[in-house]
Amino acid sequence: MSDQLPLMPKATAVWLVDNTALTFDQIAAFCGLHVLEVKGIADGDVAAGIKGLDPISSGQLSRDEIATSEADANHKLVLLKSKVELPEMAKKRKARYTPTSRRHERPNAIYWLLRNHPELKDAQIIRLTGTTKPTLQQIRDRTHWNSAALVAQDPVALGLSSQIDLDTEVKKAAKRLERENKNNPDAVTEEGGTLLPTAETTTSGHPEVAEILQPKTTEEMPVVREKTEAEEDARIFAKLKELSSGDDDGAGDEAAATEAPKVDDAS
C-alpha cells in the first residue's frame, strides 16, 4: 500500500479494473484497498453504483506508467506529484462543548475574564468559555439574573478552557493593543502612577515637614553614654534604700496613731 493515495480511491480502482490489464495486487496497492475488495469490484459485487474516475485525465497517472506496470506484474504504480501546491485546509474549530455539571460555573469564568483581561474581545471570551453574546453582555452590564452571587473564577481551574488557549488569546489581544497604540499615538492609555521621590514630596512647598522628616547626621544627634555596671548597681541600691525609708516612716506614723490617748467626751 502506497503512502499517498489517489483522489477517490474506489472510483479510481473501478476505472483501472475496467480499462487496464493491471493485476488486482497492483490496483489494491495503488488505491489502498484490499485485494479481495478489488476482486469484488471486478466481479460486480463491490462498488456497483460507483462511476469510474480516470486517473490519467486527473493527472494522477501517466499512460507510460500504466503500460510499464502492465508489462511487469511486480512493478508498483507511482502516483504523479501535483504541479500545483494546494494550501492545507485549516481545520474548522467546533463549538466548545461544556458539560452540564459545569455550565452553572460558566458565568463565574466570564466574570473572571472581564475583570482580569478587559483587553479581550467578546469573540475571544466566547471562544474560551463557550458562552453566547447575550449572556456575556448581561454579565458585563451587571443585568444577569445571578449577578449578585457571581464569584470570579479562573476558567482554566474550572476546566472550561486550557491554559494554552487562554495564553494564546491574551497574546493576541496584547499584540492588537500594541498595534492600535502605534497607529494612534495620541490615544490616552491607562497606566498606573509611579511613586515620586521623597525629596520632591517632602521639600516642595513644605519646608517644615522636610525638616522633620530629614534624617539628622551623627554630629547633630545627641551622644548617649552607656552606664557602667557599678553605676547601675548604685542606682538600684539607692532606689531600694528610698523605698525602705518610705516604708519605715509609714509604719511609725501608724504606731503613733494607735498609741495616742483618747479624749474623754464627758470632760
# chains A, B, ... in the order shown; residues from 1 in each chain; ligands from 1
$ select_by_dssp --residues "range 14-156 of chain A" --states "helix (DSSP H, G or I)" --output "PyMOL selection string"
chain A and resi 14-19+24-31+35-43+63-71+100-116+122-129+133-141+147-149+155-156
$ residues_around --residues "range 44-56 of chain A" --least-positions-apart "3" --cutoff "9 Å" --atoms "only C-alpha atoms" --output "PyMOL selection string"
chain A and resi 6-16+18+37-41+59-63
$ write_last_selection --atoms "N, CA and C atoms" --output "compact mmCIF listing (two decimals), in the first residue's frame"
# COMPACT_ATOMS: atom_id res chain seq x y z
N PRO A 6 -4.61 8.06 -4.31
CA PRO A 6 -5.24 8.96 -5.28
C PRO A 6 -6.57 9.48 -4.76
N LEU A 7 -7.04 10.50 -5.44
CA LEU A 7 -8.36 11.02 -5.10
C LEU A 7 -9.43 9.99 -5.47
N MET A 8 -10.40 9.83 -4.61
CA MET A 8 -11.50 8.88 -4.82
C MET A 8 -10.92 7.50 -5.17
N PRO A 9 -10.28 6.84 -4.19
CA PRO A 9 -9.57 5.57 -4.49
C PRO A 9 -10.48 4.49 -5.07
N LYS A 10 -11.69 4.37 -4.54
CA LYS A 10 -12.56 3.29 -5.02
C LYS A 10 -13.01 3.54 -6.45
N ALA A 11 -13.33 4.82 -6.79
CA ALA A 11 -13.72 5.14 -8.17
C ALA A 11 -12.53 4.94 -9.12
N THR A 12 -11.32 5.25 -8.66
CA THR A 12 -10.12 5.03 -9.48
C THR A 12 -9.90 3.54 -9.72
N ALA A 13 -10.15 2.74 -8.68
CA ALA A 13 -10.00 1.29 -8.82
C ALA A 13 -11.00 0.74 -9.82
N VAL A 14 -12.22 1.28 -9.81
CA VAL A 14 -13.23 0.83 -10.79
C VAL A 14 -12.75 1.10 -12.21
N TRP A 15 -12.19 2.28 -12.44
CA TRP A 15 -11.72 2.62 -13.79
C TRP A 15 -10.53 1.73 -14.18
N LEU A 16 -9.61 1.48 -13.28
CA LEU A 16 -8.45 0.66 -13.59
C LEU A 16 -8.85 -0.79 -13.87
N ASP A 18 -11.68 -1.76 -15.17
CA ASP A 18 -12.43 -1.82 -16.42
C ASP A 18 -11.57 -1.46 -17.64
N GLU A 37 -11.26 -6.87 -2.06
CA GLU A 37 -12.17 -5.78 -2.41
C GLU A 37 -12.06 -5.45 -3.89
N VAL A 38 -10.82 -5.45 -4.42
CA VAL A 38 -10.64 -5.21 -5.85
C VAL A 38 -11.24 -6.35 -6.66
N LYS A 39 -11.10 -7.59 -6.17
CA LYS A 39 -11.71 -8.74 -6.86
C LYS A 39 -13.23 -8.61 -6.86
N GLY A 40 -13.79 -8.09 -5.73
CA GLY A 40 -15.23 -7.87 -5.68
C GLY A 40 -15.68 -6.81 -6.67
N ILE A 41 -14.84 -5.79 -6.89
CA ILE A 41 -15.17 -4.76 -7.89
C ILE A 41 -15.19 -5.39 -9.28
N GLY A 59 -4.58 13.69 -13.83
CA GLY A 59 -3.18 13.96 -13.59
C GLY A 59 -2.57 13.15 -12.48
N GLN A 60 -3.14 11.98 -12.17
CA GLN A 60 -2.61 11.16 -11.09
C GLN A 60 -1.74 10.01 -11.61
N LEU A 61 -1.95 9.63 -12.88
CA LEU A 61 -1.16 8.57 -13.51
C LEU A 61 -0.85 8.97 -14.94
N SER A 62 0.24 8.43 -15.43
CA SER A 62 0.58 8.64 -16.83
C SER A 62 0.35 7.35 -17.60
N ARG A 63 0.16 7.46 -18.92
CA ARG A 63 -0.06 6.26 -19.73
C ARG A 63 1.18 5.38 -19.73
$ residues_around --residues "range 67-73 of chain A" --least-positions-apart "2" --cutoff "12 Å" --atoms "only C-alpha atoms" --output "list in words"
Leu16, Asn19, Thr20, Ala21, Leu22, Thr23, Phe24, Asp25, Gln26, Ile27, Phe30, Leu61, Ser62, Arg63, Asp64, Glu65, His75, Lys76, Leu77 and Val78 of chain A
$ atom_distance --atom1 "CA of Leu128 in chain A" --atom2 "CA of Leu166 in chain A"
7.0 Å
$ closest_residue --among "A:Ala123, A:Ile110, A:Lys239, A:Asn116" --to "His144 in chain A" --atoms "only C-alpha atoms"
A:Ile110
$ atom_distance --atom1 "CA of Val170 in chain A" --atom2 "CA of Arg102 in chain A"
23.1 Å
$ residues_around --residues "Lys172 in chain A" --least-positions-apart "5" --cutoff "9 Å" --atoms "only C-alpha atoms" --output "compact mmCIF listing (two decimals) with N, CA and C atoms, in the first residue's frame"
# COMPACT_ATOMS: atom_id res chain seq x y z
N LEU A 120 -9.54 41.57 26.21
CA LEU A 120 -10.08 40.53 25.35
C LEU A 120 -11.37 41.00 24.69
N ASP A 167 -3.62 31.61 27.12
CA ASP A 167 -2.40 32.39 26.84
C ASP A 167 -2.38 32.88 25.40
N LEU A 177 -3.56 45.51 20.89
CA LEU A 177 -3.45 46.79 21.59
C LEU A 177 -2.16 47.52 21.23
$ atom_distance --atom1 "CA of Gln138 in chain A" --atom2 "CA of Lys121 in chain A"
15.1 Å
